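Each remark here refers to the structure printed beneath this line.
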Amino acid sequence: MYQLDIILKKGNNLAIRDRTGTSDPYVKFKIAGKEVFRSKTIHKNLNPVWEERVSLLVETLRDPLYVKVFDYDFGLQDDFMGSAYLYMESLEHLRTLDVTLDLKDPQYPEHNLGSLELAVTLSPKEGDLRDATMLLRRNWKRSSKYQSMRLSDVHRKAQLWRGIVSISLIEGRGFQPMDANGLSDPYVKFRMGHQKYKSKTIPKTLNPQWREQFDFHLYEEQGGYVDITVWDKDVGKKDDFMGRCTIDLSLLSKEHTHKLDMPLEEGEGVLVLLVTLTASAAVSISDLSVNMLDDPHERHQIMQRYSLWRSLHNLKDVGVVQVKVIKAEGLMAADVTGKSDPFCVVELSNDRLQTHTVYKNLNPEWNKVFTFNVKDIHSVLEVTVYDEDRDRSADFLGKVAIPLLNIQNGERKAYALKSKELTGPTKGVIFLEIDVIFNAVKAGLRTLIPIEQKYIEEEPKVSKQLLLRNFNRVRRCIMFLINTGCYINSCFEWDSPQRSICAFVLFVIVVWNFELYMIPLALLLPLAWNYILIASGKDTRQDVVTMEDLLEDEDEDFDKDDKDSERKGFMNKLYAIQDVCISVQNALDEVASYGERIKNSFNWTVPFLSWLAIVALGMATIIIYFIPLRYIVLAWGVNKFTKKLRDPYTIDNNELLDFLSRVPSDVQVVQYRELKLDPNPSPNKRKKNNPG
């Protein structure tokens, strides 16, 4: 058993595959026909810099590492850009070697397709790592129940973390300027094994202040390494690399916070970090016959641990959740034999544990108990069922997502499995029994601090359905505001005299007796009213039903798209999202225009309007200074309510919006600006300005 550590550095003079004379390359690693790594895509670059690290566990050195490079094409099949082999038998052990791989096309071996630069380290491994790797690759014999149970124990040991590494990213100092303005837009990437985080971007600074915190799981007793890279965010092109540093956790003492000033290698500046190593959280995997909450003594101790008397002790430890994964029934057949090899993954935020695999079975019984610490009571428990495949990644069979606050303690319940997007049903049910014990005071306090970030996920892809869904969600929110405004306006219009009279009387009473405490009181009233309706069985939450209908329609569109994906070209996909894009474009134009008009009202773009604003604001200042605000609001309301009565045919208006509509936006300023006449235009300029 060997560990192969690879740094994918960069590519040189890669092949052109796009019409623009560039490519969008990414790299795949394969061993024995199985894909073990895929890099990120570097857009529009024939000399890409990846600087990505990967650690692979290898059973034999006889199988070479097959490296393939592709050009990413949205909506089309990716283009092949070349391949090469790295023969591991030729590598020296425990020594880092710089390797250059010349890329070739087997069909056209004489073509020069460029090269890749790697740094490779091969290290022998033995003992527990061998068992854990065999388990994670799922390459063991499937003959006896004893063998399955023994490997289940190894699996349990392999996936339980032994501690938490808490990293607080404080600030950076003296970074290298990467932009033309002499500044940078830095962000930081952290990586520890498969765990990855990305910080927020701080614009236009060489001394950024982040104040962000990230937690990693520590699986090895002797520590490990956290790789840190700093990047400059660039819109429309590849982000610039600004430097790297590495934290060796084996050099840090546990249960102590270390302040580290980390100078950046291959760059300039220093990163300031706070790093704390703590003991393992209360995570465990056990059989159904052995679990802590069924033991009255242990359950009493846990209840005492999260009692109200201990509300101010260890605020991060909000509670504990115990999940009994009992069985599943009627699963989808994923193999050609009409069976599946299902296993179950249980996730809570960034904590992830999984069961053993039950082979060739559509009604598996796992009977396992998983225990997690609860750091946020608003977290969602995700239980996913996969089909194990020896030669490729696991197939998705179904999933359920259960908010912790929705759990009924001790209730054994059958959950219908959903699709990967959690928008519609799929085949099968899973039986779970869940218990949550938490401290309400800690949970309330934790609600007021930033939510824990998820590991970095794959970059989102353009989706017509997702774009349409989000557009419809925004439109529903806007329509609610519009309808509310129309309802209020109908009171001013006296569409219903009875309602308008009640609204007018209520307005006068509230304004005349208004005090600040009435603001939170007014927000309490709809909460209390909706609670009464729900308690009486009249649930008014129709938005959930509307969203379910929307997502069901979206699922049908997804299925249709999957069937037609091979027949649809790139242009057809663009046409499919054209209507949504136009609507979004118009909405963004309207929002941007109003923002620019407000700005242009103050910067004298139209002097007449600016003088008019001065007069209006001056009069408003004098009126508010001499007349109490209560009387002004009362006069405004009486005027709005009686306007329709005084003149039934008056046209309703909003003075502020009418004023802003006269102020030009930045686009209109450019459109209305006169061009300067050139008294002696050259023939070249005449030709350029008059192509006809």
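In the structure tokens, chains take the letters A, B, ... in the order shown, each chain's residues start at 1, and ligands count up from 1 in the order shown.
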Long-range neighbours of A:Ile6 as number ranges by chain, 7 Å cut-off, only C-alpha atoms, 3 positions minimum in chain: A: 53-55, 118-121
Could you give me the residues within stretch 334-467 of chain A that DSSP places in alpha helix (DSSP H), as a list in words?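 Filtering stretch 334-467 of chain A to alpha helix (DSSP H) leaves Ala440, Val441, Lys442, Ala443, Gly444, Leu445, Arg446, Lys464, Gln465, Leu466 and Leu467 of chain A.
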Give me the residues near stretch 641-646 of chain A as a ChimeraX atom specification, where near means some atom within 8 Å (using only C-alpha atoms) and where sequence neighbours in that chain fewer than 5 positions away do not count. /A:491-494,500,504
Filtering to all heavy atoms, could you give me those residues as a PDB file, in the first residue's frame?
ATOM      1  N   CYS A 491     -57.426  51.663  -0.165  1.00  0.00           N
ATOM      2  CA  CYS A 491     -58.038  52.406   0.951  1.00  0.00           C
ATOM      3  C   CYS A 491     -58.077  53.897   0.643  1.00  0.00           C
ATOM      4  O   CYS A 491     -59.040  54.596   0.985  1.00  0.00           O
ATOM      5  CB  CYS A 491     -57.260  52.150   2.241  1.00  0.00           C
ATOM      6  SG  CYS A 491     -57.290  50.426   2.795  1.00  0.00           S
ATOM      7  N   PHE A 492     -57.010  54.403  -0.009  1.00  0.00           N
ATOM      8  CA  PHE A 492     -56.996  55.806  -0.397  1.00  0.00           C
ATOM      9  C   PHE A 492     -58.000  56.080  -1.526  1.00  0.00           C
ATOM     10  O   PHE A 492     -58.529  57.187  -1.640  1.00  0.00           O
ATOM     11  CB  PHE A 492     -55.596  56.226  -0.857  1.00  0.00           C
ATOM     12  CG  PHE A 492     -54.549  56.116   0.220  1.00  0.00           C
ATOM     13  CD1 PHE A 492     -53.257  55.702  -0.072  1.00  0.00           C
ATOM     14  CD2 PHE A 492     -54.836  56.433   1.538  1.00  0.00           C
ATOM     15  CE1 PHE A 492     -52.290  55.604   0.909  1.00  0.00           C
ATOM     16  CE2 PHE A 492     -53.884  56.339   2.536  1.00  0.00           C
ATOM     17  CZ  PHE A 492     -52.607  55.926   2.216  1.00  0.00           C
ATOM     18  N   GLU A 493     -58.225  55.061  -2.378  1.00  0.00           N
ATOM     19  CA  GLU A 493     -59.105  55.251  -3.537  1.00  0.00           C
ATOM     20  C   GLU A 493     -60.584  55.075  -3.179  1.00  0.00           C
ATOM     21  O   GLU A 493     -61.445  55.289  -4.037  1.00  0.00           O
ATOM     22  CB  GLU A 493     -58.730  54.236  -4.632  1.00  0.00           C
ATOM     23  CG  GLU A 493     -57.327  54.392  -5.183  1.00  0.00           C
ATOM     24  CD  GLU A 493     -57.180  55.652  -6.022  1.00  0.00           C
ATOM     25  OE1 GLU A 493     -58.197  56.073  -6.609  1.00  0.00           O
ATOM     26  OE2 GLU A 493     -56.072  56.218  -6.059  1.00  0.00           O
ATOM     27  N   TRP A 494     -60.877  54.619  -1.972  1.00  0.00           N
ATOM     28  CA  TRP A 494     -62.256  54.408  -1.509  1.00  0.00           C
ATOM     29  C   TRP A 494     -63.002  53.397  -2.383  1.00  0.00           C
ATOM     30  O   TRP A 494     -64.189  53.576  -2.702  1.00  0.00           O
ATOM     31  CB  TRP A 494     -63.020  55.743  -1.449  1.00  0.00           C
ATOM     32  CG  TRP A 494     -62.486  56.642  -0.382  1.00  0.00           C
ATOM     33  CD1 TRP A 494     -61.405  57.463  -0.486  1.00  0.00           C
ATOM     34  CD2 TRP A 494     -62.978  56.789   0.955  1.00  0.00           C
ATOM     35  NE1 TRP A 494     -61.175  58.127   0.691  1.00  0.00           N
ATOM     36  CE2 TRP A 494     -62.135  57.743   1.601  1.00  0.00           C
ATOM     37  CE3 TRP A 494     -64.042  56.226   1.661  1.00  0.00           C
ATOM     38  CZ2 TRP A 494     -62.322  58.119   2.922  1.00  0.00           C
ATOM     39  CZ3 TRP A 494     -64.227  56.622   2.977  1.00  0.00           C
ATOM     40  CH2 TRP A 494     -63.373  57.557   3.601  1.00  0.00           C
ATOM     41  N   SER A 500     -62.232  51.768   3.839  1.00  0.00           N
ATOM     42  CA  SER A 500     -61.477  53.021   3.856  1.00  0.00           C
ATOM     43  C   SER A 500     -61.759  53.824   5.119  1.00  0.00           C
ATOM     44  O   SER A 500     -60.849  54.445   5.690  1.00  0.00           O
ATOM     45  CB  SER A 500     -61.824  53.851   2.616  1.00  0.00           C
ATOM     46  OG  SER A 500     -61.412  53.180   1.440  1.00  0.00           O
ATOM     47  N   PHE A 504     -58.958  54.820   7.775  1.00  0.00           N
ATOM     48  CA  PHE A 504     -58.729  56.233   8.103  1.00  0.00           C
ATOM     49  C   PHE A 504     -58.780  56.460   9.616  1.00  0.00           C
ATOM     50  O   PHE A 504     -57.913  57.146  10.184  1.00  0.00           O
ATOM     51  CB  PHE A 504     -59.771  57.092   7.391  1.00  0.00           C
ATOM     52  CG  PHE A 504     -59.650  58.554   7.696  1.00  0.00           C
ATOM     53  CD1 PHE A 504     -58.550  59.280   7.278  1.00  0.00           C
ATOM     54  CD2 PHE A 504     -60.640  59.214   8.433  1.00  0.00           C
ATOM     55  CE1 PHE A 504     -58.437  60.630   7.567  1.00  0.00           C
ATOM     56  CE2 PHE A 504     -60.531  60.557   8.731  1.00  0.00           C
ATOM     57  CZ  PHE A 504     -59.420  61.269   8.295  1.00  0.00           C
TER      58      PHE A 504
END
Residues of stretch 289-312 of chain A at most 9 Å from stretch 426-450 of chain A: nearest atom pair and distance in Å, only C-alpha atoms, as JSON lines:
{"residue": "A:Leu293", "atom": "CA", "partner": "A:Asp435", "partner_atom": "CA", "distance": 8.3}
{"residue": "A:Ile302", "atom": "CA", "partner": "A:Ile437", "partner_atom": "CA", "distance": 7.9}
{"residue": "A:Met303", "atom": "CA", "partner": "A:Ile437", "partner_atom": "CA", "distance": 7.1}
{"residue": "A:Arg305", "atom": "CA", "partner": "A:Asn439", "partner_atom": "CA", "distance": 8.7}
{"residue": "A:Tyr306", "atom": "CA", "partner": "A:Asn439", "partner_atom": "CA", "distance": 5.0}
{"residue": "A:Ser307", "atom": "CA", "partner": "A:Asn439", "partner_atom": "CA", "distance": 6.1}
{"residue": "A:Leu308", "atom": "CA", "partner": "A:Asn439", "partner_atom": "CA", "distance": 6.5}
{"residue": "A:Arg310", "atom": "CA", "partner": "A:Asn439", "partner_atom": "CA", "distance": 8.4}
{"residue": "A:Ser311", "atom": "CA", "partner": "A:Lys442", "partner_atom": "CA", "distance": 5.9}
{"residue": "A:Leu312", "atom": "CA", "partner": "A:Lys442", "partner_atom": "CA", "distance": 7.3}
Would you save the residues of that selection, restricted to all heavy atoms, as a compact mmCIF listing (two decimals), in the first residue's frame?
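File produced: again-v2.txt:
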# COMPACT_ATOMS: atom_id res chain seq x y z
N LEU A 293 -28.55 6.53 24.33
CA LEU A 293 -29.82 7.08 24.79
C LEU A 293 -30.79 6.01 25.29
O LEU A 293 -31.77 6.32 25.96
CB LEU A 293 -30.48 7.90 23.69
CG LEU A 293 -29.77 9.21 23.33
CD1 LEU A 293 -30.57 9.99 22.29
CD2 LEU A 293 -29.54 10.07 24.56
N ILE A 302 -26.83 12.94 29.87
CA ILE A 302 -26.90 13.84 28.72
C ILE A 302 -27.94 14.92 28.96
O ILE A 302 -27.73 16.10 28.64
CB ILE A 302 -27.21 13.04 27.44
CG1 ILE A 302 -26.01 12.14 27.11
CG2 ILE A 302 -27.52 13.97 26.27
CD1 ILE A 302 -26.27 11.20 25.97
N MET A 303 -29.07 14.55 29.55
CA MET A 303 -30.10 15.55 29.86
C MET A 303 -29.55 16.59 30.84
O MET A 303 -29.84 17.79 30.72
CB MET A 303 -31.33 14.86 30.44
CG MET A 303 -32.04 13.92 29.47
SD MET A 303 -32.86 14.78 28.13
CE MET A 303 -34.23 15.53 29.00
N ARG A 305 -26.42 17.42 31.11
CA ARG A 305 -25.39 18.18 30.39
C ARG A 305 -25.99 19.34 29.60
O ARG A 305 -25.36 20.39 29.46
CB ARG A 305 -24.65 17.22 29.46
CG ARG A 305 -23.57 17.84 28.61
CD ARG A 305 -22.82 16.74 27.91
NE ARG A 305 -22.28 17.14 26.63
CZ ARG A 305 -21.86 16.29 25.72
NH1 ARG A 305 -21.96 14.99 25.93
NH2 ARG A 305 -21.35 16.72 24.59
N TYR A 306 -27.21 19.15 29.12
CA TYR A 306 -27.86 20.19 28.32
C TYR A 306 -29.05 20.82 29.05
O TYR A 306 -29.96 21.35 28.42
CB TYR A 306 -28.32 19.62 26.97
CG TYR A 306 -27.16 19.12 26.14
CD1 TYR A 306 -26.97 17.76 25.92
CD2 TYR A 306 -26.24 20.01 25.59
CE1 TYR A 306 -25.90 17.30 25.17
CE2 TYR A 306 -25.17 19.57 24.85
CZ TYR A 306 -25.00 18.21 24.64
OH TYR A 306 -23.94 17.76 23.90
N SER A 307 -29.01 20.79 30.37
CA SER A 307 -30.08 21.41 31.16
C SER A 307 -29.90 22.93 31.17
O SER A 307 -28.84 23.46 30.83
CB SER A 307 -30.06 20.87 32.58
OG SER A 307 -28.86 21.26 33.23
N LEU A 308 -30.94 23.63 31.57
CA LEU A 308 -30.89 25.09 31.59
C LEU A 308 -29.86 25.63 32.57
O LEU A 308 -29.35 26.73 32.41
CB LEU A 308 -32.28 25.65 31.94
CG LEU A 308 -33.36 25.45 30.87
CD1 LEU A 308 -34.70 25.98 31.39
CD2 LEU A 308 -32.98 26.16 29.58
N ARG A 310 -26.90 24.70 32.87
CA ARG A 310 -25.57 24.73 32.24
C ARG A 310 -25.62 25.51 30.92
O ARG A 310 -24.88 25.21 29.98
CB ARG A 310 -25.08 23.31 32.00
CG ARG A 310 -24.86 22.53 33.30
CD ARG A 310 -24.45 21.09 33.03
NE ARG A 310 -23.24 20.96 32.24
CZ ARG A 310 -22.01 21.01 32.74
NH1 ARG A 310 -21.84 21.19 34.05
NH2 ARG A 310 -20.97 20.90 31.96
N SER A 311 -26.48 26.50 30.85
CA SER A 311 -26.68 27.25 29.60
C SER A 311 -25.46 28.06 29.19
O SER A 311 -25.27 28.33 28.00
CB SER A 311 -27.89 28.17 29.73
OG SER A 311 -29.07 27.42 29.91
N LEU A 312 -24.65 28.50 30.11
CA LEU A 312 -23.50 29.34 29.79
C LEU A 312 -22.20 28.57 29.75
O LEU A 312 -21.12 29.17 29.67
CB LEU A 312 -23.41 30.50 30.79
CG LEU A 312 -24.63 31.43 30.85
CD1 LEU A 312 -24.42 32.53 31.87
CD2 LEU A 312 -24.92 32.02 29.48
Please provide as a list in words all residues within 7 Å of A:Lys189, with the sequence filter that same-chain residues fewer than 4 positions apart are discarded (counting only C-alpha atoms).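 Near A:Lys189, the qualifying residues are Tyr197, Lys198, Ser199, Ile228, Thr229 and Val230 of chain A.
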Restrict the selected residues to N, CA and C atoms and save them as a PDB file, in the first residue's frame.
ATOM      1  N   TYR A 197     -12.177  24.910   2.250  1.00  0.00           N
ATOM      2  CA  TYR A 197     -12.945  26.115   2.541  1.00  0.00           C
ATOM      3  C   TYR A 197     -12.411  27.263   1.683  1.00  0.00           C
ATOM      4  N   LYS A 198     -13.269  28.237   1.469  1.00  0.00           N
ATOM      5  CA  LYS A 198     -12.887  29.444   0.744  1.00  0.00           C
ATOM      6  C   LYS A 198     -13.426  30.646   1.500  1.00  0.00           C
ATOM      7  N   SER A 199     -12.565  31.627   1.748  1.00  0.00           N
ATOM      8  CA  SER A 199     -12.980  32.819   2.488  1.00  0.00           C
ATOM      9  C   SER A 199     -13.724  33.779   1.567  1.00  0.00           C
ATOM     10  N   ILE A 228      -2.662  26.337   2.511  1.00  0.00           N
ATOM     11  CA  ILE A 228      -3.329  27.629   2.399  1.00  0.00           C
ATOM     12  C   ILE A 228      -2.786  28.354   1.173  1.00  0.00           C
ATOM     13  N   THR A 229      -3.678  28.819   0.313  1.00  0.00           N
ATOM     14  CA  THR A 229      -3.285  29.614  -0.845  1.00  0.00           C
ATOM     15  C   THR A 229      -4.083  30.911  -0.853  1.00  0.00           C
ATOM     16  N   VAL A 230      -3.435  31.978  -1.313  1.00  0.00           N
ATOM     17  CA  VAL A 230      -4.062  33.293  -1.395  1.00  0.00           C
ATOM     18  C   VAL A 230      -4.195  33.662  -2.869  1.00  0.00           C
TER      19      VAL A 230
END
Would you please work out which residue, of A:Leu260, A:Val235, A:Leu65, A:Val323, is nearest to A:Asn373 when using only C-alpha atoms?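 Ranked by minimum distance to A:Asn373, first place goes to A:Val323.
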